[in-house]
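As stored in structure.txt (compact mmCIF, C-alpha atoms and all ligand atoms):
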# COMPACT_ATOMS: atom_id res chain seq x y z
CA MET N 1 -54.77 -58.64 52.34
CA GLY N 2 -57.24 -59.20 49.47
CA LYS N 3 -58.17 -62.70 48.45
CA ASP N 4 -56.59 -63.89 45.19
CA LEU N 5 -59.51 -64.41 42.87
CA THR N 6 -57.42 -65.11 39.80
CA ILE N 7 -58.84 -67.99 37.78
CA THR N 8 -56.10 -70.28 36.63
CA LEU N 9 -57.99 -72.87 34.61
CA VAL N 10 -55.51 -74.08 32.06
CA PRO N 11 -56.84 -75.97 29.04
CA PRO N 12 -55.35 -79.42 28.54
CA HIS N 13 -52.79 -78.15 26.03
CA SER N 14 -50.13 -75.84 27.37
CA LEU N 15 -49.89 -73.66 24.24
CA VAL N 16 -51.40 -70.28 24.97
CA LEU N 17 -50.60 -68.86 21.56
CA ASP N 18 -50.04 -70.66 18.30
CA VAL N 19 -49.33 -68.45 15.28
CA GLU N 20 -48.71 -70.26 12.02
CA ASN N 21 -47.48 -68.80 8.74
CA LEU N 22 -49.05 -65.44 9.51
CA THR N 23 -48.90 -62.79 6.79
CA VAL N 24 -50.50 -59.36 7.29
CA SER N 25 -50.78 -56.43 4.88
CA ARG N 26 -51.48 -52.80 5.67
CA GLY N 27 -51.99 -50.10 3.09
CA GLY N 28 -51.17 -52.60 0.35
CA ASN N 29 -47.78 -53.58 1.84
CA VAL N 30 -46.88 -56.80 3.56
CA VAL N 31 -45.91 -55.74 7.10
CA VAL N 32 -45.79 -59.17 8.78
CA GLU N 33 -44.54 -62.04 6.68
CA ASP N 34 -44.80 -65.75 7.28
CA VAL N 35 -44.49 -65.51 11.06
CA ASN N 36 -44.60 -68.61 13.29
CA ILE N 37 -44.72 -68.18 17.07
CA GLN N 38 -45.70 -70.61 19.81
CA VAL N 39 -46.00 -69.35 23.38
CA LYS N 40 -46.40 -71.77 26.26
CA HIS N 41 -48.31 -71.21 29.48
CA GLY N 42 -46.22 -69.18 31.94
CA GLU N 43 -43.73 -67.89 29.37
CA PHE N 44 -42.60 -64.26 29.30
CA VAL N 45 -41.71 -63.42 25.70
CA GLY N 46 -40.15 -60.14 24.57
CA ILE N 47 -40.65 -58.86 21.03
CA VAL N 48 -38.12 -56.37 19.68
CA GLY N 49 -37.48 -54.83 16.27
CA PRO N 50 -36.96 -51.45 14.60
CA ASN N 51 -39.72 -48.87 14.14
CA GLY N 52 -42.20 -50.00 11.54
CA SER N 53 -41.04 -53.61 11.64
CA GLY N 54 -44.57 -54.93 12.27
CA LYS N 55 -44.63 -55.51 16.06
CA THR N 56 -47.91 -53.70 16.73
CA SER N 57 -49.45 -55.11 13.55
CA LEU N 58 -48.51 -58.61 14.73
CA LEU N 59 -50.19 -58.05 18.12
CA MET N 60 -53.28 -56.59 16.44
CA ALA N 61 -53.53 -59.58 14.09
CA ILE N 62 -53.15 -61.96 17.07
CA LEU N 63 -56.00 -60.14 18.82
CA GLY N 64 -58.19 -60.30 15.71
CA ILE N 65 -58.26 -56.49 15.37
CA LEU N 66 -56.37 -56.68 12.09
CA LYS N 67 -57.34 -59.16 9.41
CA PHE N 68 -54.57 -61.29 8.01
CA ASN N 69 -54.00 -62.49 4.46
CA LYS N 70 -52.60 -65.87 5.26
CA GLY N 71 -51.98 -68.22 8.17
CA SER N 72 -53.74 -68.96 11.44
CA VAL N 73 -53.80 -67.69 15.02
CA LYS N 74 -54.98 -69.89 17.86
CA ILE N 75 -55.36 -68.73 21.46
CA TYR N 76 -55.72 -71.53 24.00
CA GLY N 77 -56.27 -73.85 21.05
CA ALA N 78 -59.21 -71.93 19.55
CA PRO N 79 -59.06 -69.75 16.41
CA ASN N 80 -58.81 -66.07 17.39
CA THR N 81 -62.00 -65.43 15.40
CA GLN N 82 -63.95 -67.28 18.10
CA ASN N 83 -64.88 -65.60 21.36
CA LYS N 84 -64.17 -68.73 23.39
CA PHE N 85 -61.09 -67.53 25.25
CA LYS N 86 -61.29 -63.78 24.55
CA SER N 87 -61.95 -62.97 28.22
CA ARG N 88 -58.64 -64.58 29.11
CA VAL N 89 -56.66 -62.18 26.93
CA ALA N 90 -55.84 -58.58 27.79
CA TRP N 91 -54.11 -56.04 25.58
CA VAL N 92 -52.34 -52.93 26.74
CA SER N 93 -51.97 -50.89 23.56
CA GLN N 94 -49.03 -48.69 22.64
CA THR N 95 -51.20 -45.61 23.15
CA ALA N 96 -53.13 -46.76 26.22
CA ILE N 97 -51.56 -44.16 28.52
CA ASN N 98 -52.16 -41.25 26.14
CA MET N 99 -55.22 -39.94 27.90
CA PRO N 100 -56.22 -36.29 27.56
CA SER N 101 -55.14 -34.13 30.51
CA SER N 102 -58.81 -33.21 30.90
CA SER N 103 -59.69 -36.88 31.68
CA LYS N 104 -62.05 -37.00 34.65
CA ILE N 105 -61.52 -40.58 35.67
CA THR N 106 -59.88 -41.94 38.77
CA VAL N 107 -57.43 -44.85 38.91
CA ARG N 108 -60.09 -47.06 40.52
CA GLU N 109 -62.67 -46.15 37.86
CA LEU N 110 -60.22 -46.87 35.04
CA ILE N 111 -59.25 -50.22 36.54
CA SER N 112 -62.97 -51.04 37.07
CA LEU N 113 -63.49 -50.74 33.32
CA GLY N 114 -61.37 -53.86 32.99
CA THR N 115 -64.22 -55.89 34.47
CA VAL N 116 -66.74 -54.66 31.92
CA ARG N 117 -67.83 -57.04 29.20
CA LEU N 118 -70.52 -56.47 26.62
CA ARG N 119 -72.71 -59.04 28.32
CA ASN N 120 -72.28 -57.71 31.86
CA MET N 121 -72.39 -53.93 31.62
CA ILE N 122 -74.06 -53.69 34.99
CA PHE N 123 -73.37 -50.84 37.39
CA PRO N 124 -72.75 -50.55 40.24
CA LEU N 125 -70.28 -53.44 40.21
CA ASP N 126 -71.20 -56.55 42.16
CA LYS N 127 -69.06 -57.77 45.08
CA LYS N 128 -67.07 -60.21 42.93
CA ARG N 129 -66.06 -57.52 40.46
CA ILE N 130 -65.28 -54.99 43.22
CA ASP N 131 -62.94 -57.56 44.79
CA ARG N 132 -61.23 -58.08 41.45
CA VAL N 133 -60.72 -54.33 41.04
CA GLU N 134 -59.31 -53.94 44.56
CA ARG N 135 -57.01 -56.90 44.02
CA ALA N 136 -55.76 -55.42 40.72
CA ILE N 137 -55.14 -52.02 42.38
CA GLU N 138 -53.14 -53.79 45.07
CA LEU N 139 -51.19 -55.90 42.57
CA VAL N 140 -50.06 -52.88 40.56
CA GLY N 141 -49.17 -50.96 43.75
CA LEU N 142 -51.58 -48.04 43.28
CA SER N 143 -53.58 -48.29 46.52
CA ASP N 144 -52.30 -44.89 47.70
CA VAL N 145 -53.48 -43.09 44.57
CA ALA N 146 -56.58 -45.16 43.75
CA ASP N 147 -58.91 -42.16 44.07
CA ARG N 148 -56.65 -39.76 42.27
CA ASN N 149 -57.47 -38.47 38.81
CA ILE N 150 -55.56 -40.45 36.19
CA ALA N 151 -54.28 -37.22 34.61
CA GLN N 152 -52.37 -36.47 37.81
CA LEU N 153 -50.26 -39.63 37.64
CA SER N 154 -46.68 -40.02 36.45
CA GLY N 155 -45.94 -42.01 33.27
CA GLY N 156 -44.99 -45.09 35.29
CA GLN N 157 -48.14 -44.86 37.43
CA LYS N 158 -50.29 -44.52 34.29
CA GLN N 159 -48.68 -47.65 32.88
CA ARG N 160 -49.42 -49.44 36.13
CA ALA N 161 -53.03 -48.27 35.94
CA VAL N 162 -53.57 -49.59 32.40
CA ILE N 163 -51.91 -52.87 33.38
CA GLY N 164 -54.22 -52.92 36.42
CA LYS N 165 -57.20 -52.55 34.08
CA ALA N 166 -55.94 -55.57 32.14
CA LEU N 167 -55.55 -57.56 35.37
CA ALA N 168 -59.04 -56.64 36.59
CA SER N 169 -60.40 -58.39 33.51
CA ASN N 170 -59.04 -61.60 35.06
CA ALA N 171 -57.10 -62.30 31.88
CA ASP N 172 -54.18 -64.66 32.20
CA PHE N 173 -52.58 -63.89 28.84
CA LEU N 174 -51.27 -60.32 28.65
CA LEU N 175 -50.10 -58.63 25.46
CA LEU N 176 -48.26 -55.41 26.23
CA ASP N 177 -47.16 -52.97 23.54
CA GLU N 178 -44.33 -50.68 24.71
CA PRO N 179 -45.32 -50.54 28.39
CA LEU N 180 -42.00 -48.89 29.31
CA VAL N 181 -42.39 -45.77 27.18
CA GLY N 182 -42.62 -42.60 29.24
CA VAL N 183 -41.40 -44.37 32.36
CA ASP N 184 -38.29 -43.22 34.22
CA ARG N 185 -35.58 -45.69 35.16
CA GLU N 186 -36.70 -46.29 38.73
CA SER N 187 -40.33 -46.83 37.78
CA ARG N 188 -39.23 -48.96 34.85
CA ASN N 189 -37.43 -51.33 37.19
CA SER N 190 -40.40 -51.63 39.51
CA LEU N 191 -42.71 -52.13 36.52
CA LEU N 192 -40.44 -54.94 35.29
CA LYS N 193 -40.49 -56.46 38.76
CA LEU N 194 -44.30 -56.30 38.68
CA LEU N 195 -44.41 -58.09 35.30
CA ASP N 196 -41.93 -60.68 36.53
CA ASP N 197 -44.09 -61.29 39.63
CA LEU N 198 -47.24 -61.53 37.50
CA CYS N 199 -45.56 -64.20 35.44
CA HIS N 200 -43.99 -66.18 38.26
CA ASP N 201 -46.41 -65.69 41.16
CA GLN N 202 -49.72 -65.07 39.38
CA ASN N 203 -49.27 -67.60 36.56
CA LYS N 204 -49.70 -65.05 33.78
CA THR N 205 -48.34 -65.57 30.29
CA ILE N 206 -46.87 -62.34 28.92
CA VAL N 207 -45.88 -61.12 25.48
CA MET N 208 -44.25 -57.70 25.68
CA VAL N 209 -43.12 -55.47 22.81
CA SER N 210 -40.40 -53.03 23.78
CA HIS N 211 -37.55 -50.99 22.35
CA ASP N 212 -35.79 -51.27 25.66
CA LEU N 213 -33.52 -54.17 24.92
CA ALA N 214 -31.80 -54.07 28.30
CA ALA N 215 -35.18 -54.43 30.00
CA ILE N 216 -36.26 -57.22 27.68
CA LYS N 217 -32.99 -59.09 28.20
CA GLN N 218 -33.22 -58.66 31.94
CA THR N 219 -36.80 -59.86 32.32
CA THR N 220 -37.96 -62.22 29.59
CA HIS N 221 -37.44 -65.94 29.08
CA ARG N 222 -37.27 -65.56 25.34
CA ILE N 223 -36.71 -62.85 22.76
CA ILE N 224 -38.21 -62.61 19.29
CA TYR N 225 -36.58 -60.13 16.92
CA ILE N 226 -38.95 -59.23 14.13
CA ASP N 227 -38.34 -57.21 11.03
CA ASN N 228 -41.44 -58.06 8.98
CA SER N 229 -40.44 -61.68 9.40
CA ILE N 230 -38.79 -63.30 12.40
CA GLN N 231 -35.02 -62.90 12.40
CA TYR N 232 -34.36 -64.42 15.83
CA ASP N 233 -36.36 -66.46 18.32
CA GLY N 234 -34.42 -67.76 21.27
CA THR N 235 -32.91 -67.09 24.66
CA PRO N 236 -31.91 -63.54 25.62
CA SER N 237 -28.32 -64.68 26.18
CA GLU N 238 -27.95 -65.93 22.61
CA LEU N 239 -29.47 -62.87 20.92
CA PRO N 240 -26.97 -61.83 18.22
CA ASP N 241 -25.31 -58.46 18.38
CA LEU N 242 -27.60 -55.67 17.17
CA GLU N 243 -25.22 -54.88 14.31
CA VAL N 244 -25.53 -58.48 13.13
CA LEU N 245 -29.31 -58.12 13.28
CA ALA N 246 -29.13 -54.83 11.37
CA GLY N 247 -26.95 -56.66 8.85
CA LEU N 248 -29.82 -59.07 8.26
CA ARG N 249 -31.56 -56.17 6.55
CA GLY N 250 -28.49 -55.61 4.39
CA ILE N 251 -27.73 -52.33 6.15
CA LYS N 252 -24.16 -51.33 6.78
CA ASN N 253 -23.70 -49.59 10.09
CA VAL N 254 -21.36 -46.68 9.39
CA HIS N 255 -20.39 -44.84 12.57
CA GLY N 256 -23.63 -46.02 14.12
CA GLU N 257 -25.71 -44.31 11.40
CA VAL N 258 -27.49 -45.73 8.38
CA GLY N 259 -29.15 -44.39 5.30
CA GLU N 260 -32.67 -43.37 4.52
CA GLU N 261 -34.34 -46.46 5.88
CA GLY N 262 -33.76 -44.94 9.24
CA PHE N 263 -32.75 -47.94 11.30
CA ARG N 264 -29.75 -47.54 13.55
CA SER N 265 -28.60 -50.15 15.98
CA THR N 266 -29.25 -47.48 18.61
CA ASP N 267 -32.95 -47.53 17.69
CA LEU N 268 -33.12 -50.34 20.17
CA CYS N 269 -32.09 -48.93 23.46
CA CYS N 270 -29.51 -51.14 25.09
CA ASP N 271 -28.43 -49.81 28.42
CA GLU N 272 -25.34 -51.91 28.98
CA GLU N 273 -24.75 -50.64 32.49
CA GLU N 274 -27.95 -52.38 33.64
N1 LIG B 301 -53.07 -47.68 9.71
C1 LIG B 301 -52.10 -48.03 8.87
N2 LIG B 301 -52.27 -48.03 7.54
C2 LIG B 301 -51.29 -48.39 6.69
N3 LIG B 301 -50.08 -48.79 7.09
C3 LIG B 301 -49.84 -48.80 8.40
C4 LIG B 301 -50.82 -48.43 9.38
N4 LIG B 301 -50.30 -48.55 10.59
C5 LIG B 301 -49.04 -48.99 10.41
N5 LIG B 301 -48.76 -49.13 9.11
C6 LIG B 301 -47.49 -49.58 8.53
O1 LIG B 301 -47.28 -50.92 8.92
C7 LIG B 301 -45.90 -51.15 9.16
C8 LIG B 301 -45.75 -51.79 10.52
O2 LIG B 301 -46.22 -50.87 11.49
P1 LIG B 301 -46.29 -51.27 13.02
O3 LIG B 301 -47.02 -50.18 13.71
O4 LIG B 301 -46.80 -52.63 13.14
O5 LIG B 301 -44.73 -51.25 13.40
P2 LIG B 301 -44.04 -51.33 14.83
O6 LIG B 301 -42.98 -52.35 14.72
O7 LIG B 301 -45.06 -51.52 15.88
O8 LIG B 301 -43.38 -49.89 14.94
P3 LIG B 301 -43.06 -49.01 16.24
O9 LIG B 301 -41.82 -49.58 16.83
O10 LIG B 301 -42.81 -47.65 15.68
O11 LIG B 301 -44.23 -49.05 17.16
C9 LIG B 301 -45.20 -49.81 9.02
O12 LIG B 301 -44.59 -49.77 7.75
C10 LIG B 301 -46.32 -48.82 9.10
O13 LIG B 301 -46.05 -47.69 8.34
MG MG B 302 -45.66 -50.39 17.51
I'd like the structure from this file rewritten - as structure tokens, please.
Amino acid sequence: MGKDLTITLVPPHSLVLDVENLTVSRGGNVVVEDVNIQVKHGEFVGIVGPNGSGKTSLLMAILGILKFNKGSVKIYGAPNTQNKFKSRVAWVSQTAINMPSSSKITVRELISLGTVRLRNMIFPLDKKRIDRVERAIELVGLSDVADRNIAQLSGGQKQRAVIGKALASNADFLLLDEPLVGVDRESRNSLLKLLDDLCHDQNKTIVMVSHDLAAIKQTTHRIIYIDNSIQYDGTPSELPDLEVLAGLRGIKNVHGEVGEEGFRSTDLCCDEEE
């Protein structure tokens, strides 16, 4: 059994993320408006909302990839423009698993990339980084396929691999954008179990965007429903009915369908049998 090398230094304040009055524009339109979010150490927060409601833009602004017009973002108490805590944050993007089928990279090699920083691009990896990679492979349950080409993996295994890459970076704050897309039901459940374990056993703080409302309800401590601005932030059990949330946009749900704006309550998958 590999040694757990996870660093769990927690700054004196327990707020991992502090977003205040954040407003972001893209292509001349405001896509995130006046958003306030505080995430505490060890929380597992789910973000839901219709297509185009600003979820990815919000994550990108938090990460400092997208500039914002107004507001502030602090990670572990430091402005996200500073590099101070950047190594403690890992992002799994919405398109992370879309690798060309011609990719010639193994699972282990992909996960190793998680240990690479601009200031330590040294190969071969030293013992400490090799241990971190092996530990991450083990954590995401890919030991059996570690030397397999990434293109030969299933959707769920690819998701595990990109999460493994994030874990190898030693980050303790994970931002995941749609990690359940392209994952069948069985793999989805084991992926959710993995995220739950990472939060509870490995002390990770997780923010996960997903359209899979059943999964979000089942796994997270807290749900944020965003539609440019925040419409709900609270416990999964108190999340209003999706039709009520759709109503917040002034959309009437007629036979489950709506007009040109394209949002249906079914846009958020809610598998009630779960
Ligand atoms: N590169 C871009 N340039 C201009 N506008 C963009 C760009 N990317 C996204 N947008 C717009 O920003 C808005 C928010 O997009 P975003 O990708 O954040 O939504 P989302 O909630 O993540 O959607 P989805 O559920 O489909 O992933 C949308 O109206 C979208 O059209
Ligand atoms: Mg998105």
Show me a table, sorted first by chain and then by increasing residue number, of the residues of chain N having an atom at most 6 Å from ligand LIG 301 (chain B), each with its shortest atom pair and the distance in Å to one decimal, counting all atoms listed in the file and written as JSON lines.
{"residue": "N:Arg26", "atom": "CA", "partner": "B:LIG301", "partner_atom": "N3", "distance": 4.5}
{"residue": "N:Gly27", "atom": "CA", "partner": "B:LIG301", "partner_atom": "C2", "distance": 4.0}
{"residue": "N:Val31", "atom": "CA", "partner": "B:LIG301", "partner_atom": "C7", "distance": 5.0}
{"residue": "N:Pro50", "atom": "CA", "partner": "B:LIG301", "partner_atom": "O9", "distance": 5.7}
{"residue": "N:Asn51", "atom": "CA", "partner": "B:LIG301", "partner_atom": "O9", "distance": 3.5}
{"residue": "N:Gly52", "atom": "CA", "partner": "B:LIG301", "partner_atom": "O5", "distance": 3.4}
{"residue": "N:Ser53", "atom": "CA", "partner": "B:LIG301", "partner_atom": "O6", "distance": 3.9}
{"residue": "N:Gly54", "atom": "CA", "partner": "B:LIG301", "partner_atom": "O4", "distance": 3.3}
{"residue": "N:Lys55", "atom": "CA", "partner": "B:LIG301", "partner_atom": "O6", "distance": 3.8}
{"residue": "N:Thr56", "atom": "CA", "partner": "B:LIG301", "partner_atom": "O7", "distance": 3.7}
{"residue": "N:Ser57", "atom": "CA", "partner": "B:LIG301", "partner_atom": "O4", "distance": 3.7}
Could you report the residues within 12 Å of ligand MG 302 (chain B), using only C-alpha atoms and all ligand atoms, as an MDAnalysis selection string? chainID N and resid 31 47:60 92:95 176:179 181 208:211 226:227
What is the CA of Ser169 in chain N to CA of Gly46 in chain N distance in Å? 22.2 Å
If we count all atoms listed in the file and set the cut-off at 10 Å, which residues sit around Gly141 in chain N, ignoring sequence neighbours fewer than 6 positions away in its own chain? Please answer as a ChimeraX atom specification. /N:135,157,160-161,164,190-191,194
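Across the model, the gap from CA of Phe44 in chain N to CA of Ala146 in chain N is 27.7 Å.
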Provide the CA of Gly28 in chain N to CA of Asn83 in chain N distance in Å, to one decimal place. 28.3 Å
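Nearest residue to Ala166 in chain N, choosing from N:Ser229, N:Gln202, N:Gln82, N:Ser112 and counting all atoms listed in the file: N:Ser112.
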